[in-house]
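As provided, my_file.cif (mmCIF, C-alpha atoms) reads as follows.
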```cif
data_upload
loop_
_atom_site.label_atom_id
_atom_site.label_comp_id
_atom_site.auth_asym_id
_atom_site.auth_seq_id
_atom_site.Cartn_x
_atom_site.Cartn_y
_atom_site.Cartn_z
CA MET A 1299 123.55 91.59 106.70
CA SER A 1300 122.38 88.91 104.29
CA ASP A 1301 121.99 89.60 100.59
CA TYR A 1302 118.40 89.73 99.34
CA THR A 1303 117.09 89.48 95.79
CA VAL A 1304 113.97 91.54 95.08
CA GLY A 1305 111.15 91.12 92.60
CA ILE A 1306 108.93 94.09 91.73
CA VAL A 1307 105.32 93.28 90.79
CA GLY A 1308 103.45 96.08 89.03
CA THR A 1309 106.07 98.35 87.51
CA GLY A 1310 103.54 100.72 85.96
CA PRO A 1311 104.66 103.29 83.42
CA HIS A 1312 107.61 105.56 84.00
CA PRO A 1313 106.88 107.92 86.95
CA GLU A 1314 106.88 110.91 84.59
CA ASP A 1315 103.92 109.34 82.78
CA SER A 1316 101.97 108.05 85.81
CA ASP A 1317 98.74 109.32 87.38
CA HIS A 1318 96.76 108.84 90.58
CA ASP A 1319 95.88 105.26 89.67
CA GLY A 1320 99.24 104.14 91.00
CA TYR A 1321 102.02 106.73 90.76
CA SER A 1322 104.35 104.05 89.31
CA MET A 1323 105.35 103.03 92.81
CA GLY A 1324 107.24 100.04 91.42
CA HIS A 1325 109.94 102.39 90.14
CA ARG A 1326 110.07 104.18 93.50
CA HIS A 1327 110.33 100.93 95.45
CA ALA A 1328 113.07 99.67 93.16
CA ARG A 1329 115.15 102.82 93.59
CA SER A 1330 114.90 102.50 97.36
CA PHE A 1331 115.84 98.81 97.29
CA ARG A 1332 118.88 99.66 95.16
CA ARG A 1333 119.97 102.22 97.76
CA ALA A 1334 119.60 99.70 100.62
CA ASN A 1335 122.69 97.69 101.53
CA GLY A 1336 122.47 94.03 100.60
CA CYS A 1337 119.53 94.32 98.18
CA GLN A 1338 119.51 93.56 94.47
CA VAL A 1339 116.53 94.26 92.20
CA ALA A 1340 116.58 90.95 90.34
CA ALA A 1341 113.28 90.72 88.44
CA CYS A 1342 110.04 92.46 87.58
CA ALA A 1343 106.56 91.58 86.38
CA ASP A 1344 103.80 93.69 84.85
CA ILE A 1345 100.82 92.62 82.78
CA VAL A 1346 101.69 95.41 80.33
CA ALA A 1347 104.73 94.05 78.51
CA ASP A 1348 105.98 97.49 77.42
CA HIS A 1349 105.96 98.71 81.04
CA ALA A 1350 107.89 95.66 82.23
CA ALA A 1351 110.41 95.98 79.40
CA ALA A 1352 111.00 99.68 80.07
CA PHE A 1353 111.48 98.95 83.77
CA GLY A 1354 113.95 96.22 82.91
CA ASP A 1355 115.93 98.61 80.73
CA GLU A 1356 116.04 101.26 83.46
CA PHE A 1357 117.18 98.85 86.18
CA GLY A 1358 119.54 96.77 84.06
CA LEU A 1359 117.58 93.50 84.05
CA ASP A 1360 118.29 90.85 81.46
CA ASP A 1361 115.33 89.89 79.27
CA GLU A 1362 114.91 86.58 81.11
CA ARG A 1363 114.31 88.53 84.34
CA VAL A 1364 111.42 90.56 82.87
CA PHE A 1365 107.97 88.92 83.09
CA THR A 1366 104.30 89.55 82.45
CA ASP A 1367 103.20 86.74 84.78
CA VAL A 1368 103.87 86.76 88.54
CA GLN A 1369 104.07 83.00 88.96
CA GLU A 1370 106.64 82.81 86.16
CA MET A 1371 108.66 85.56 87.87
CA LEU A 1372 108.60 83.68 91.18
CA ASP A 1373 109.62 80.38 89.59
CA GLY A 1374 112.21 81.89 87.25
CA ALA A 1375 113.88 84.42 89.54
CA THR A 1376 113.10 82.96 93.01
CA PRO A 1377 113.23 86.35 94.79
CA ASP A 1378 113.66 86.61 98.56
CA VAL A 1379 111.53 89.76 98.78
CA VAL A 1380 108.60 90.80 96.59
CA SER A 1381 107.24 94.34 96.34
CA ILE A 1382 103.63 94.50 95.18
CA CYS A 1383 102.81 97.84 93.57
CA THR A 1384 99.54 97.02 91.80
CA PRO A 1385 96.00 98.38 92.47
CA PRO A 1386 94.36 97.27 95.75
CA SER A 1387 91.85 95.01 93.98
CA THR A 1388 94.74 92.69 93.04
CA HIS A 1389 96.55 92.61 96.38
CA GLY A 1390 94.77 89.63 97.88
CA GLU A 1391 95.59 87.17 95.10
CA LEU A 1392 99.12 88.49 94.58
CA VAL A 1393 100.07 88.50 98.26
CA GLU A 1394 98.81 84.94 98.64
CA THR A 1395 100.64 83.75 95.52
CA CYS A 1396 103.91 85.29 96.70
CA ALA A 1397 103.57 84.21 100.34
CA ARG A 1398 103.09 80.58 99.31
CA HIS A 1399 106.19 80.47 97.13
CA GLU A 1400 109.10 78.67 98.75
CA SER A 1401 111.66 81.36 97.93
CA VAL A 1402 109.79 84.35 99.38
CA GLN A 1403 110.71 85.53 102.86
CA ALA A 1404 108.95 88.89 102.80
CA VAL A 1405 106.17 90.68 100.92
CA HIS A 1406 106.08 94.47 100.82
CA CYS A 1407 102.71 95.75 99.58
CA GLU A 1408 101.48 99.18 98.61
CA LYS A 1409 98.59 100.76 100.46
CA PRO A 1410 95.62 100.73 100.65
CA MET A 1411 95.77 97.11 101.78
CA ALA A 1412 92.71 95.93 99.83
CA GLU A 1413 89.25 96.91 98.61
CA THR A 1414 87.42 95.55 101.66
CA VAL A 1415 87.88 95.06 105.38
CA GLY A 1416 87.79 91.29 105.03
CA GLU A 1417 90.39 91.17 102.30
CA SER A 1418 92.66 93.49 104.30
CA ARG A 1419 92.54 91.08 107.23
CA ARG A 1420 93.22 88.17 104.91
CA LEU A 1421 96.53 89.67 103.76
CA VAL A 1422 97.76 89.48 107.34
CA GLU A 1423 96.35 86.01 107.95
CA VAL A 1424 97.82 84.50 104.77
CA CYS A 1425 101.32 85.78 105.52
CA GLU A 1426 101.20 84.76 109.17
CA HIS A 1427 100.12 81.26 108.16
CA ALA A 1428 102.96 81.04 105.62
CA GLY A 1429 105.55 82.44 108.03
CA VAL A 1430 106.28 85.32 105.63
CA GLN A 1431 106.91 88.88 106.77
CA LEU A 1432 104.25 91.29 105.50
CA THR A 1433 104.84 95.02 105.41
CA ILE A 1434 102.58 97.75 104.01
CA ASN A 1435 104.12 100.86 102.48
CA LEU A 1436 102.86 103.39 105.01
CA GLN A 1437 106.36 104.78 104.83
CA ASN A 1438 105.93 108.09 106.63
CA ARG A 1439 106.08 106.49 110.07
CA CYS A 1440 109.63 105.41 109.17
CA SER A 1441 110.89 108.99 108.74
CA ASP A 1442 113.32 110.49 111.23
CA ALA A 1443 110.86 113.33 111.85
CA ALA A 1444 108.08 110.90 112.84
CA GLY A 1445 110.44 109.08 115.18
CA GLU A 1446 111.52 112.35 116.78
CA ILE A 1447 107.91 113.48 117.29
CA LYS A 1448 107.05 110.17 118.92
CA ARG A 1449 110.06 110.47 121.22
CA VAL A 1450 109.43 114.05 122.40
CA ILE A 1451 105.77 113.32 123.09
CA GLU A 1452 106.64 110.14 125.03
CA ASP A 1453 109.23 112.16 126.97
CA GLY A 1454 106.47 114.52 128.11
CA ALA A 1455 107.54 117.64 126.21
CA ILE A 1456 103.87 118.66 125.72
CA GLY A 1457 102.55 117.07 128.90
CA ASP A 1458 99.93 114.34 128.65
CA LEU A 1459 98.71 113.81 125.11
CA GLU A 1460 94.96 114.46 124.94
CA ARG A 1461 93.99 114.98 121.32
CA VAL A 1462 95.14 114.45 117.74
CA GLU A 1463 93.84 116.50 114.80
CA ILE A 1464 94.29 115.54 111.14
CA GLY A 1465 93.41 117.33 107.91
CA ARG A 1466 93.85 115.94 104.39
CA GLN A 1467 92.23 115.59 100.97
CA ASP A 1468 90.47 112.28 101.65
CA LEU A 1469 90.75 109.23 103.85
CA LEU A 1470 91.70 106.48 101.43
CA GLN A 1471 94.65 107.87 99.50
CA THR A 1472 96.07 110.79 101.47
CA GLY A 1473 94.50 110.65 104.92
CA LEU A 1474 95.49 107.05 105.61
CA HIS A 1475 99.12 108.13 105.98
CA HIS A 1476 98.18 110.59 108.71
CA VAL A 1477 95.83 108.27 110.56
CA ASP A 1478 98.72 105.82 110.52
CA LEU A 1479 101.14 108.47 111.79
CA ALA A 1480 98.80 109.14 114.72
CA ASN A 1481 98.67 105.42 115.49
CA TYR A 1482 102.47 105.24 115.33
CA VAL A 1483 102.95 108.11 117.78
CA LEU A 1484 100.51 106.40 120.16
CA GLY A 1485 102.46 103.13 119.95
CA ASP A 1486 99.78 101.45 117.79
CA GLU A 1487 97.46 101.53 120.76
CA PRO A 1488 94.10 99.92 119.92
CA VAL A 1489 91.22 102.20 118.87
CA ALA A 1490 88.07 101.63 120.93
CA TRP A 1491 85.45 103.29 118.72
CA VAL A 1492 84.94 105.44 115.63
CA LEU A 1493 82.25 107.97 114.72
CA GLY A 1494 82.00 109.57 111.30
CA GLN A 1495 80.02 111.21 108.52
CA ILE A 1496 80.82 111.59 104.83
CA ASP A 1497 79.62 113.32 101.68
CA TYR A 1498 79.86 111.93 98.13
CA PRO A 1499 78.27 114.56 95.84
CA ASP A 1500 80.23 113.44 92.77
CA GLU A 1501 82.36 110.52 91.72
CA HIS A 1502 85.75 110.32 93.42
CA VAL A 1503 87.64 107.16 92.54
CA TRP A 1504 91.22 106.03 93.13
CA TYR A 1505 92.98 103.04 91.57
CA THR A 1506 90.30 102.65 88.87
CA ASN A 1507 87.57 101.30 91.14
CA MET A 1508 87.96 102.37 94.80
CA PRO A 1509 85.73 105.29 95.81
CA SER A 1510 86.66 107.77 98.54
CA GLU A 1511 84.55 110.45 100.15
CA ARG A 1512 84.72 114.04 98.87
CA GLN A 1513 84.31 115.42 102.37
CA GLY A 1514 84.33 113.71 105.71
CA LEU A 1515 84.56 114.13 109.44
CA GLY A 1516 85.72 111.32 111.68
CA MET A 1517 86.37 111.00 115.40
CA TRP A 1518 87.84 108.08 117.28
CA ALA A 1519 89.09 107.25 120.75
CA TYR A 1520 92.12 105.21 121.72
CA GLU A 1521 91.84 102.85 124.66
CA SER A 1522 93.87 105.29 126.78
CA GLY A 1523 91.23 107.99 126.27
CA VAL A 1524 93.16 110.10 123.72
CA HIS A 1525 90.72 111.37 121.09
CA ALA A 1526 91.40 112.04 117.41
CA LEU A 1527 89.54 114.20 114.90
CA CYS A 1528 90.03 114.00 111.14
CA SER A 1529 88.64 116.43 108.54
CA THR A 1530 88.84 115.64 104.85
CA GLY A 1531 88.00 117.55 101.69
CA ALA A 1532 86.51 120.97 102.24
CA GLY A 1533 86.96 120.66 106.02
CA ALA A 1534 90.63 119.83 105.96
CA GLU A 1535 91.77 123.44 106.18
CA ALA A 1536 90.39 123.58 109.73
CA VAL A 1537 93.60 121.88 110.85
CA GLY A 1538 95.66 124.53 109.10
CA PRO A 1539 98.71 124.03 106.90
CA HIS A 1540 99.88 121.09 109.00
CA THR A 1541 98.50 117.62 108.43
CA ASN A 1542 98.87 116.32 112.00
CA ARG A 1543 98.52 118.19 115.28
CA PHE A 1544 99.21 116.54 118.64
CA ILE A 1545 97.74 118.49 121.56
CA GLY A 1546 98.85 117.90 125.13
CA THR A 1547 98.17 119.44 128.52
CA ASP A 1548 101.31 121.61 128.30
CA GLY A 1549 101.81 122.25 124.59
CA GLU A 1550 101.40 120.87 121.10
CA VAL A 1551 103.27 119.56 118.08
CA GLU A 1552 102.41 120.32 114.45
CA PHE A 1553 103.72 118.22 111.58
CA GLN A 1554 103.49 118.25 107.82
CA LEU A 1555 105.20 115.57 105.76
CA GLY A 1556 108.81 116.58 105.53
CA ASP A 1557 112.02 116.85 107.52
CA GLY A 1558 110.85 118.83 110.54
CA TYR A 1559 108.02 119.87 112.84
CA ARG A 1560 106.82 122.74 115.05
CA ILE A 1561 106.47 122.45 118.81
CA ARG A 1562 104.89 124.86 121.32
CA THR A 1563 106.05 124.76 124.91
CA ASP A 1564 105.87 127.56 127.51
CA GLY A 1565 103.59 129.43 125.12
CA LYS A 1566 106.27 129.73 122.43
CA TRP A 1567 106.55 128.02 119.06
CA ARG A 1568 109.82 126.79 117.63
CA THR A 1569 110.65 124.87 114.47
CA VAL A 1570 112.80 121.74 114.66
CA GLU A 1571 114.60 120.51 111.55
CA VAL A 1572 115.31 116.78 111.67
CA GLY A 1573 116.50 115.75 108.21
CA GLY A 1574 117.41 112.14 107.57
CA ASP A 1575 116.78 109.69 104.75
CA ALA A 1576 113.68 109.92 102.57
CA ALA A 1577 110.72 108.07 104.12
CA GLN A 1578 110.50 105.64 101.20
CA ASP A 1579 114.17 104.67 101.58
CA ALA A 1580 113.73 104.35 105.35
CA ALA A 1581 110.75 102.00 104.88
CA ILE A 1582 112.83 99.60 102.80
CA VAL A 1583 115.64 99.63 105.37
CA THR A 1584 113.03 98.98 108.07
CA LEU A 1585 111.67 95.86 106.41
CA ILE A 1586 115.15 94.48 105.69
CA GLU A 1587 116.32 95.09 109.27
CA ALA A 1588 113.20 93.31 110.56
CA LEU A 1589 114.07 90.30 108.42
CA GLU A 1590 117.53 90.27 109.95
CA THR A 1591 116.31 90.53 113.56
CA ASP A 1592 113.07 88.54 113.18
CA GLU A 1593 111.21 91.34 114.96
CA GLU A 1594 107.89 92.86 113.94
CA PRO A 1595 108.58 95.88 111.68
CA ILE A 1596 106.87 99.16 112.47
CA ILE A 1597 105.20 98.97 109.04
CA SER A 1598 103.90 95.43 109.57
CA GLY A 1599 100.64 94.30 108.05
CA ARG A 1600 99.13 93.99 111.52
CA ARG A 1601 99.93 97.60 112.37
CA ALA A 1602 98.68 98.80 108.98
CA LEU A 1603 95.41 96.93 109.55
CA GLY A 1604 94.81 99.09 112.62
CA SER A 1605 95.01 102.28 110.56
CA THR A 1606 93.02 100.76 107.71
CA GLU A 1607 90.17 99.83 110.05
CA VAL A 1608 89.89 103.44 111.23
CA VAL A 1609 89.21 104.54 107.63
CA PHE A 1610 86.71 101.76 106.97
CA GLY A 1611 85.27 102.45 110.43
CA ILE A 1612 84.45 106.07 109.57
CA TRP A 1613 82.63 104.85 106.47
CA GLU A 1614 80.84 102.15 108.47
CA SER A 1615 79.75 104.74 111.03
CA ALA A 1616 78.26 106.81 108.21
CA ARG A 1617 76.43 103.71 106.96
CA LYS A 1618 75.11 102.80 110.43
CA ARG A 1619 74.49 106.44 111.40
CA GLY A 1620 76.13 105.83 114.72
CA ARG A 1621 79.30 104.98 116.57
CA VAL A 1622 81.03 101.68 115.79
CA SER A 1623 83.45 99.62 117.84
CA LEU A 1624 86.81 98.38 116.63
CA PRO A 1625 87.92 95.88 115.54
CA LEU A 1626 85.17 95.94 112.90
CA ASP A 1627 82.87 92.95 112.51
CA ILE A 1628 82.19 93.56 108.81
CA GLU A 1629 83.78 92.11 105.67
CA ASP A 1630 82.82 94.59 102.93
CA ASN A 1631 83.62 98.19 101.96
CA PRO A 1632 80.90 100.38 103.55
CA LEU A 1633 81.36 103.33 101.20
CA ALA A 1634 81.26 101.18 98.07
CA ALA A 1635 78.17 99.43 99.43
CA LEU A 1636 76.42 102.74 100.11
CA ILE A 1637 77.11 103.92 96.58
CA GLU A 1638 76.07 100.63 94.96
CA SER A 1639 72.83 100.51 96.96
CA GLY A 1640 71.81 104.00 95.88
CA GLU A 1641 71.84 105.32 99.45
CA LEU A 1642 74.76 107.63 98.69
CA PRO A 1643 74.57 108.31 94.94
CA PRO A 1644 76.59 111.06 93.28
CA GLU A 1645 74.40 114.00 92.33
CA GLU A 1646 73.31 114.13 88.69
#
```
As structure tokens:
Amino acid sequence: MSDYTVGIVGTGPHPEDSDHDGYSMGHRHARSFRRANGCQVAACADIVADHAAAFGDEFGLDDERVFTDVQEMLDGATPDVVSICTPPSTHGELVETCARHESVQAVHCEKPMAETVGESRRLVEVCEHAGVQLTINLQNRCSDAAGEIKRVIEDGAIGDLERVEIGRQDLLQTGLHHVDLANYVLGDEPVAWVLGQIDYPDEHVWYTNMPSERQGLGMWAYESGVHALCSTGAGAEAVGPHTNRFIGTDGEVEFQLGDGYRIRTDGKWRTVEVGGDAAQDAAIVTLIEALETDEEPIISGRRALGSTEVVFGIWESARKRGRVSLPLDIEDNPLAALIESGELPPEE
């Protein structure tokens, strides 16, 4: 395996001091890169100088490898891989800046991809044009448990898969992981259409400026005919304690983020413990291995765009008051547009 130098963009505060505007994912990415063979965290950049300096102290970076400007980090440290852990509103500019730098072979970006559908697509297009590998940190599909679930379903343990059910807090921050897990189990099969409805009775904002519904219900169909149903907010408990349920003709699988799952066959439930590396560590190994083999990683930007469009598609269905086809033919963020127009204002 080749040796790769890594630059972290957006260190954030120490994880013990972080909140839901970012969770200090830069620290988490850096720890996983340090645990991966052949990777060296070589530089960092954050617009808050104190955050960058504290990160540098924790990861043993010399002062000349700690920056407040991304371009200066790229020119001064020439990293092979860049991890972008900033809010989604900054992803477009940062991904493009990194992808165009001659030293960068891969960009690993936090989710959500971007604030709008159009900008999410652009991340993929920019990296493809530059010949740079783009991965999005939808890390849960890299876990051993997710891989095992995919395998047993493909092997026919629950018969023919007919339906997927998902329950989570909201679509943007928490639910996206589980939509993506469903897509992964189905081999990233294209989604044909999406139907959804949402409620926004009071302000619910992630990452400073990205709204997400308080309660929602979305349905979509894969091209094979498998249907999925996602409940968020007050409806999420309908799925039960498990965040993903895969229902087949001869049984079902239930999964909650972790090291195992439950499976029902012959009318009986059993719990399977899988174990393995943490999903975040596995995601970093996945992107490095893809660089080595020149194969598309399972967390590629293209695959992440498929899951992202399901979320935006549910919001677009609510805006259109009807079913929408994928891929979407819009550029904006339907939920943000509904709120800004006054059609979906928070209650006073």
- Which polymer residues have any atom within 7 Å of an atom of region 1420-1432 of chain A, counting all atoms listed in the file, with same-chain residues fewer than 4 positions away left out, as number ranges by chain? A: 1390, 1393-1394, 1397-1398, 1403-1406, 1416, 1598-1600
- Task: Determine the residue membership of the PyMOL selection byres ((chain A and resi 1605-1622) around 6) for the file above and supply it as a ChimeraX atom specification.
- Result: /A:1478,1491-1495,1516,1602-1604,1623,1632-1633
- Task: Run the PyMOL selection byres ((chain A and resi 1531) around 9) on the file and write out the hits as an MDAnalysis selection string.
- Result: chainID A and resid 1465:1468 1511:1514 1529:1530 1532:1535
- Message: Between A:Ile1496, A:Ile1596, A:Ala1340, A:Ile1545, which residue has the minimum interatomic distance to Ile1637 (chain A), considering all atoms listed in the file?
- Response: A:Ile1496
- Message: What's the separation between CA of Gln1578 (chain A) and CA of Ser1330 (chain A), in Å to one decimal place?
- Response: 6.6 Å
